[in-house]
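Below: input13.cif (mmCIF, C-alpha atoms)
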```cif
data_upload
loop_
_atom_site.group_PDB
_atom_site.id
_atom_site.type_symbol
_atom_site.label_atom_id
_atom_site.label_comp_id
_atom_site.auth_asym_id
_atom_site.auth_seq_id
_atom_site.Cartn_x
_atom_site.Cartn_y
_atom_site.Cartn_z
ATOM 1 C CA ARG A 26 88.549 12.859 3.224
ATOM 2 C CA ALA A 27 86.364 11.573 0.388
ATOM 3 C CA HIS A 28 82.667 12.042 1.163
ATOM 4 C CA PHE A 29 79.403 11.634 -0.759
ATOM 5 C CA PRO A 30 76.601 13.341 1.224
ATOM 6 C CA GLY A 31 73.779 10.866 0.816
ATOM 7 C CA ARG A 32 72.753 7.242 0.933
ATOM 8 C CA ALA A 33 73.415 5.406 -2.305
ATOM 9 C CA PRO A 34 73.414 1.762 -3.340
ATOM 10 C CA ILE A 35 76.747 0.288 -4.367
ATOM 11 C CA ASP A 36 76.703 -0.306 -8.126
ATOM 12 C CA ALA A 37 79.957 -2.286 -8.362
ATOM 13 C CA TYR A 38 82.961 -3.357 -6.336
ATOM 14 C CA GLY A 39 86.383 -4.801 -7.107
ATOM 15 C CA ASN A 40 89.644 -3.597 -8.637
ATOM 16 C CA GLY A 41 90.456 -2.005 -5.297
ATOM 17 C CA GLY A 42 87.372 0.185 -5.012
ATOM 18 C CA PHE A 43 83.646 0.819 -5.391
ATOM 19 C CA ARG A 44 81.197 2.544 -7.752
ATOM 20 C CA PHE A 45 78.105 4.349 -6.458
ATOM 21 C CA ALA A 46 76.034 7.416 -7.404
ATOM 22 C CA ASP A 47 77.735 7.695 -10.830
ATOM 23 C CA MET A 48 81.103 8.018 -9.082
ATOM 24 C CA SER A 49 83.950 5.713 -8.189
ATOM 25 C CA HIS A 50 86.193 5.525 -5.152
ATOM 26 C CA ARG A 51 89.525 3.756 -4.884
ATOM 27 C CA GLY A 52 89.925 2.124 -1.473
ATOM 28 C CA SER A 53 87.630 1.084 1.344
ATOM 29 C CA ILE A 54 84.430 2.934 2.307
ATOM 30 C CA LEU A 55 81.985 3.495 5.157
ATOM 31 C CA CYS A 56 78.340 3.772 4.130
ATOM 32 C CA LEU A 57 76.473 5.658 6.849
ATOM 33 C CA PRO A 58 73.169 7.522 7.156
ATOM 34 C CA SER A 59 75.087 10.804 6.660
ATOM 35 C CA GLY A 60 76.785 9.609 3.484
ATOM 36 C CA VAL A 61 79.540 7.500 1.991
ATOM 37 C CA TYR A 62 83.063 8.154 3.292
ATOM 38 C CA GLY A 63 86.501 7.023 2.254
ATOM 39 C CA TRP A 64 87.757 4.714 5.007
ATOM 40 C CA GLU A 65 91.241 3.535 5.884
ATOM 41 C CA PRO A 66 91.253 1.098 8.794
ATOM 42 C CA ALA A 67 94.660 0.989 10.476
ATOM 43 C CA ASP A 68 94.902 -2.783 9.954
ATOM 44 C CA PRO A 69 92.073 -4.414 7.987
ATOM 45 C CA ALA A 70 92.953 -7.781 9.535
ATOM 46 C CA LYS A 71 92.593 -6.378 13.081
ATOM 47 C CA LEU A 72 89.719 -3.897 13.141
ATOM 48 C CA SER A 73 89.353 -1.783 16.277
ATOM 49 C CA SER A 74 86.869 0.645 17.797
ATOM 50 C CA ASP A 75 89.038 3.527 16.568
ATOM 51 C CA ASP A 76 88.393 2.406 12.982
ATOM 52 C CA PHE A 77 84.657 2.797 13.626
ATOM 53 C CA ALA A 78 84.609 6.208 15.337
ATOM 54 C CA ARG A 79 82.333 7.638 12.647
ATOM 55 C CA VAL A 80 79.921 4.681 13.055
ATOM 56 C CA PHE A 81 79.758 5.279 16.814
ATOM 57 C CA ALA A 82 79.093 8.982 16.177
ATOM 58 C CA GLU A 83 75.991 8.008 14.180
ATOM 59 C CA ALA A 84 74.943 5.071 16.395
ATOM 60 C CA ALA A 85 71.486 6.537 17.041
ATOM 61 C CA ASP A 86 70.670 6.092 13.337
ATOM 62 C CA VAL A 87 72.271 2.652 12.823
ATOM 63 C CA GLU A 88 70.753 -0.678 13.845
ATOM 64 C CA ILE A 89 72.704 -3.010 11.561
ATOM 65 C CA LEU A 90 76.359 -2.713 10.579
ATOM 66 C CA LEU A 91 77.543 -4.944 7.763
ATOM 67 C CA VAL A 92 81.300 -5.443 7.867
ATOM 68 C CA GLY A 93 82.736 -6.448 4.506
ATOM 69 C CA CYS A 94 86.008 -8.104 5.529
ATOM 70 C CA GLY A 95 87.513 -8.358 2.054
ATOM 71 C CA SER A 96 87.659 -11.646 0.172
ATOM 72 C CA ASP A 97 87.380 -13.809 3.262
ATOM 73 C CA LEU A 98 85.168 -13.816 6.319
ATOM 74 C CA ARG A 99 86.958 -12.748 9.497
ATOM 75 C CA PRO A 100 85.400 -12.525 12.940
ATOM 76 C CA ILE A 101 84.928 -9.106 14.496
ATOM 77 C CA PRO A 102 87.366 -8.766 17.418
ATOM 78 C CA ALA A 103 85.675 -9.263 20.808
ATOM 79 C CA ALA A 104 86.416 -5.743 22.095
ATOM 80 C CA LEU A 105 84.941 -4.153 18.957
ATOM 81 C CA ARG A 106 81.899 -6.444 19.042
ATOM 82 C CA ALA A 107 81.299 -5.490 22.708
ATOM 83 C CA ALA A 108 81.590 -1.762 21.928
ATOM 84 C CA LEU A 109 79.121 -2.094 19.044
ATOM 85 C CA ARG A 110 76.718 -4.086 21.211
ATOM 86 C CA GLU A 111 76.929 -1.395 23.897
ATOM 87 C CA ALA A 112 76.021 1.177 21.220
ATOM 88 C CA ARG A 113 73.028 -1.053 20.296
ATOM 89 C CA ILE A 114 74.434 -1.865 16.861
ATOM 90 C CA SER A 115 74.162 -5.404 15.524
ATOM 91 C CA ALA A 116 77.327 -6.176 13.537
ATOM 92 C CA ASP A 117 77.516 -8.881 10.892
ATOM 93 C CA PRO A 118 80.889 -9.770 9.343
ATOM 94 C CA MET A 119 80.921 -11.254 5.851
ATOM 95 C CA SER A 120 82.883 -11.047 2.631
ATOM 96 C CA THR A 121 82.793 -7.639 0.967
ATOM 97 C CA GLY A 122 80.723 -8.982 -1.939
ATOM 98 C CA ALA A 123 78.075 -10.398 0.401
ATOM 99 C CA ALA A 124 78.075 -7.171 2.424
ATOM 100 C CA VAL A 125 77.524 -5.056 -0.702
ATOM 101 C CA ARG A 126 74.586 -7.190 -1.829
ATOM 102 C CA THR A 127 73.010 -7.247 1.634
ATOM 103 C CA TYR A 128 73.552 -3.494 2.084
ATOM 104 C CA ASN A 129 71.770 -2.750 -1.193
ATOM 105 C CA VAL A 130 68.758 -4.884 -0.197
ATOM 106 C CA LEU A 131 68.468 -3.356 3.285
ATOM 107 C CA LEU A 132 68.953 0.155 1.892
ATOM 108 C CA ALA A 133 66.136 -0.445 -0.613
ATOM 109 C CA GLU A 134 63.952 -1.524 2.327
ATOM 110 C CA ASP A 135 64.813 1.788 4.054
ATOM 111 C CA ARG A 136 66.358 -0.022 7.017
ATOM 112 C CA ALA A 137 68.747 1.626 9.506
ATOM 113 C CA VAL A 138 71.784 -0.010 7.913
ATOM 114 C CA ALA A 139 75.427 0.976 7.639
ATOM 115 C CA ALA A 140 78.339 -0.804 6.001
ATOM 116 C CA ALA A 141 82.079 -0.853 6.498
ATOM 117 C CA LEU A 142 83.493 -2.236 3.272
ATOM 118 C CA ILE A 143 87.110 -3.235 2.785
ATOM 119 C CA ALA A 144 88.088 -2.944 -0.882
ATOM 120 C CA VAL A 145 88.938 -6.108 -2.818
ATOM 121 C CA ASP A 146 90.893 -6.623 -6.048
#
```
Please express what this file holds, its structure, as structure tokens.
Amino acid sequence: RAHFPGRAPIDAYGNGGFRFADMSHRGSILCLPSGVYGWEPADPAKLSSDDFARVFAEAADVEILLVGCGSDLRPIPAALRAALREARISADPMSTGAAVRTYNVLLAEDRAVAAALIAVD
């Protein structure tokens, strides 16, 4: 239910959450063109298209999706990758830290970027 209605760089991550726009959020987040949302994937180790429904809803405004997989890099499941490709979204899995840094750079460049970030301790 948590929602910040705007695009904001991520100021910090760790301890199970994120800081952005002078606020903090405990748990994982989706950073989309319409704002930053609290996000609870059903199983962070096995992401599915259902976990990305909000991303698909905004697909027209997203070219690049950075998927912060937590502490370790995990591949995006084939079915999810195919669904994202069909929506014309390029998805790049990486650790959450790398995804946060890359998101901030692409956001500063005003690119059509979104991020799905799994919280890390």
*asked:* Once the PyMOL selection byres ((chain A and resi 120) around 10) has been evaluated on this model, what residues remain selected, and can you format them as a ChimeraX atom specification?
replied: /A:91-99,118-119,121-125,142-143,145
Taking C-alpha atoms for each residue, export the selection above as a PDB file, in the frame of the given file.
```pdb
ATOM      1  CA  LEU A  91      77.543  -4.944   7.763  1.00  0.00           C
ATOM      2  CA  VAL A  92      81.300  -5.443   7.867  1.00  0.00           C
ATOM      3  CA  GLY A  93      82.736  -6.448   4.506  1.00  0.00           C
ATOM      4  CA  CYS A  94      86.008  -8.104   5.529  1.00  0.00           C
ATOM      5  CA  GLY A  95      87.513  -8.358   2.054  1.00  0.00           C
ATOM      6  CA  SER A  96      87.659 -11.646   0.172  1.00  0.00           C
ATOM      7  CA  ASP A  97      87.380 -13.809   3.262  1.00  0.00           C
ATOM      8  CA  LEU A  98      85.168 -13.816   6.319  1.00  0.00           C
ATOM      9  CA  ARG A  99      86.958 -12.748   9.497  1.00  0.00           C
ATOM     10  CA  PRO A 118      80.889  -9.770   9.343  1.00  0.00           C
ATOM     11  CA  MET A 119      80.921 -11.254   5.851  1.00  0.00           C
ATOM     12  CA  THR A 121      82.793  -7.639   0.967  1.00  0.00           C
ATOM     13  CA  GLY A 122      80.723  -8.982  -1.939  1.00  0.00           C
ATOM     14  CA  ALA A 123      78.075 -10.398   0.401  1.00  0.00           C
ATOM     15  CA  ALA A 124      78.075  -7.171   2.424  1.00  0.00           C
ATOM     16  CA  VAL A 125      77.524  -5.056  -0.702  1.00  0.00           C
ATOM     17  CA  LEU A 142      83.493  -2.236   3.272  1.00  0.00           C
ATOM     18  CA  ILE A 143      87.110  -3.235   2.785  1.00  0.00           C
ATOM     19  CA  VAL A 145      88.938  -6.108  -2.818  1.00  0.00           C
TER      20      VAL A 145
END
```
Residue neighbourhood A:Glu83, 10 Å, only C-alpha atoms, exclusion window fewer than 2 positions, as a short mmCIF file (atom, residue, chain, number, x, y, z; two decimals) with C-alpha atoms, keeping the file's coordinate frame:
```cif
data_model
loop_
_atom_site.label_atom_id
_atom_site.label_comp_id
_atom_site.auth_asym_id
_atom_site.auth_seq_id
_atom_site.Cartn_x
_atom_site.Cartn_y
_atom_site.Cartn_z
CA LEU A 57 76.47 5.66 6.85
CA PRO A 58 73.17 7.52 7.16
CA SER A 59 75.09 10.80 6.66
CA ALA A 78 84.61 6.21 15.34
CA ARG A 79 82.33 7.64 12.65
CA VAL A 80 79.92 4.68 13.06
CA PHE A 81 79.76 5.28 16.81
CA ALA A 85 71.49 6.54 17.04
CA ASP A 86 70.67 6.09 13.34
CA VAL A 87 72.27 2.65 12.82
CA ALA A 112 76.02 1.18 21.22
CA ALA A 139 75.43 0.98 7.64
#
```
*Find, counting all atoms listed in the file, the residue in A:Ala137, A:Ala33, A:Ala103, A:Leu132 that gets nearest to A:Ser73.*
A:Ala103
Exercise on stretch 93-102 of chain A, axis-aligned box with 4 Å per side, report centre and edge lengths in Å to one decimal, as AutoDock Vina command-line options:
```
--center_x 85.2 --center_y -10.1 --center_z 8.8 --size_x 12.9 --size_y 15.4 --size_z 25.2
```
*Quick one: of A:Ser53, A:Asn40, A:Ser115, A:Thr127, who's nearest to A:Pro69, counting all atoms listed in the file?*
A:Ser53
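For the pair atom CA of A:Asn129 and atom CA of A:Ile35, the separation is 6.6 Å.
Separating atom CA of A:Arg106 from atom CA of A:Pro66 is a distance of 15.8 Å.
Minimum distance to A:Ala46 across A:Tyr62, A:Phe77, A:Tyr128, A:Phe29 (counting all atoms listed in the file) occurs at A:Phe29.
The two atoms in question, atom CA of A:Leu109 and atom CA of A:Gly63, are spaced 20.5 Å apart.
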*asked:* When you count only C-alpha atoms, which of these residues is closest to A:Ser49: A:His28, A:Ala107, A:Glu65, A:Ala82?
replied: A:His28
*Can you work out which one of A:Ala140, A:Ala104, A:Leu90, A:Ala133 has the shortest atom-to-atom distance to A:Asp117, counting all atoms listed in the file?*
A:Leu90
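The shortest atom-to-atom distance to A:Arg32, with all atoms listed in the file taken into account, belongs to A:Gly60 out of A:Asp135, A:Ile54, A:Gly60, A:Ala67.
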All heavy atoms modelled onto stretch 100-111 of chain A, as an mmCIF file, keeping the file's coordinate frame:
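The resulting out18.cif:
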```
data_model
loop_
_atom_site.group_PDB
_atom_site.id
_atom_site.type_symbol
_atom_site.label_atom_id
_atom_site.label_comp_id
_atom_site.auth_asym_id
_atom_site.auth_seq_id
_atom_site.Cartn_x
_atom_site.Cartn_y
_atom_site.Cartn_z
ATOM 1 N N PRO A 100 86.247 -12.925 11.810
ATOM 2 C CA PRO A 100 85.400 -12.525 12.940
ATOM 3 C C PRO A 100 85.715 -11.094 13.369
ATOM 4 O O PRO A 100 86.839 -10.610 13.195
ATOM 5 C CB PRO A 100 85.757 -13.529 14.038
ATOM 6 C CG PRO A 100 87.103 -14.041 13.667
ATOM 7 C CD PRO A 100 87.197 -13.975 12.168
ATOM 8 N N ILE A 101 84.729 -10.437 13.930
ATOM 9 C CA ILE A 101 84.928 -9.106 14.496
ATOM 10 C C ILE A 101 85.603 -9.305 15.855
ATOM 11 O O ILE A 101 85.122 -10.114 16.662
ATOM 12 C CB ILE A 101 83.585 -8.375 14.638
ATOM 13 C CG1 ILE A 101 82.992 -8.115 13.250
ATOM 14 C CG2 ILE A 101 83.755 -7.069 15.408
ATOM 15 C CD1 ILE A 101 81.592 -7.557 13.261
ATOM 16 N N PRO A 102 86.701 -8.607 16.126
ATOM 17 C CA PRO A 102 87.366 -8.766 17.418
ATOM 18 C C PRO A 102 86.400 -8.543 18.586
ATOM 19 O O PRO A 102 85.501 -7.701 18.510
ATOM 20 C CB PRO A 102 88.464 -7.697 17.387
ATOM 21 C CG PRO A 102 88.739 -7.499 15.928
ATOM 22 C CD PRO A 102 87.402 -7.667 15.256
ATOM 23 N N ALA A 103 86.602 -9.280 19.663
ATOM 24 C CA ALA A 103 85.675 -9.263 20.808
ATOM 25 C C ALA A 103 85.478 -7.862 21.378
ATOM 26 O O ALA A 103 84.342 -7.474 21.693
ATOM 27 C CB ALA A 103 86.179 -10.218 21.879
ATOM 28 N N ALA A 104 86.540 -7.092 21.519
ATOM 29 C CA ALA A 104 86.416 -5.743 22.095
ATOM 30 C C ALA A 104 85.563 -4.839 21.201
ATOM 31 O O ALA A 104 84.727 -4.071 21.696
ATOM 32 C CB ALA A 104 87.792 -5.129 22.302
ATOM 33 N N LEU A 105 85.740 -4.943 19.893
ATOM 34 C CA LEU A 105 84.941 -4.153 18.957
ATOM 35 C C LEU A 105 83.492 -4.610 18.990
ATOM 36 O O LEU A 105 82.574 -3.798 19.034
ATOM 37 C CB LEU A 105 85.514 -4.257 17.546
ATOM 38 C CG LEU A 105 84.702 -3.593 16.432
ATOM 39 C CD1 LEU A 105 84.469 -2.122 16.714
ATOM 40 C CD2 LEU A 105 85.407 -3.793 15.095
ATOM 41 N N ARG A 106 83.262 -5.910 18.990
ATOM 42 C CA ARG A 106 81.899 -6.444 19.042
ATOM 43 C C ARG A 106 81.192 -5.950 20.310
ATOM 44 O O ARG A 106 80.032 -5.540 20.268
ATOM 45 C CB ARG A 106 81.903 -7.965 18.991
ATOM 46 C CG ARG A 106 80.497 -8.545 18.974
ATOM 47 C CD ARG A 106 80.485 -10.036 18.748
ATOM 48 N NE ARG A 106 80.843 -10.409 17.403
ATOM 49 C CZ ARG A 106 80.055 -10.265 16.338
ATOM 50 N NH1 ARG A 106 78.876 -9.721 16.464
ATOM 51 N NH2 ARG A 106 80.457 -10.667 15.156
ATOM 52 N N ALA A 107 81.888 -5.949 21.444
ATOM 53 C CA ALA A 107 81.299 -5.490 22.708
ATOM 54 C C ALA A 107 80.958 -3.999 22.641
ATOM 55 O O ALA A 107 79.882 -3.581 23.099
ATOM 56 C CB ALA A 107 82.251 -5.767 23.858
ATOM 57 N N ALA A 108 81.837 -3.201 22.051
ATOM 58 C CA ALA A 108 81.590 -1.762 21.928
ATOM 59 C C ALA A 108 80.381 -1.496 21.027
ATOM 60 O O ALA A 108 79.552 -0.630 21.322
ATOM 61 C CB ALA A 108 82.825 -1.051 21.393
ATOM 62 N N LEU A 109 80.273 -2.249 19.941
ATOM 63 C CA LEU A 109 79.121 -2.094 19.044
ATOM 64 C C LEU A 109 77.838 -2.518 19.745
ATOM 65 O O LEU A 109 76.808 -1.847 19.639
ATOM 66 C CB LEU A 109 79.336 -2.898 17.758
ATOM 67 C CG LEU A 109 80.409 -2.341 16.822
ATOM 68 C CD1 LEU A 109 80.806 -3.377 15.779
ATOM 69 C CD2 LEU A 109 79.921 -1.064 16.149
ATOM 70 N N ARG A 110 77.893 -3.614 20.474
ATOM 71 C CA ARG A 110 76.718 -4.086 21.211
ATOM 72 C C ARG A 110 76.276 -3.031 22.233
ATOM 73 O O ARG A 110 75.093 -2.758 22.381
ATOM 74 C CB ARG A 110 77.023 -5.415 21.896
ATOM 75 C CG ARG A 110 75.792 -6.109 22.431
ATOM 76 C CD ARG A 110 76.082 -7.495 23.010
ATOM 77 N NE ARG A 110 76.859 -8.334 22.119
ATOM 78 C CZ ARG A 110 78.060 -8.852 22.413
ATOM 79 N NH1 ARG A 110 78.624 -8.651 23.582
ATOM 80 N NH2 ARG A 110 78.695 -9.596 21.535
ATOM 81 N N GLU A 111 77.240 -2.434 22.919
ATOM 82 C CA GLU A 111 76.929 -1.395 23.897
ATOM 83 C C GLU A 111 76.259 -0.191 23.234
ATOM 84 O O GLU A 111 75.412 0.467 23.830
ATOM 85 C CB GLU A 111 78.208 -0.955 24.612
ATOM 86 C CG GLU A 111 77.957 -0.022 25.766
ATOM 87 C CD GLU A 111 79.220 0.266 26.541
ATOM 88 O OE1 GLU A 111 79.935 -0.697 26.890
ATOM 89 O OE2 GLU A 111 79.491 1.455 26.790
#
```
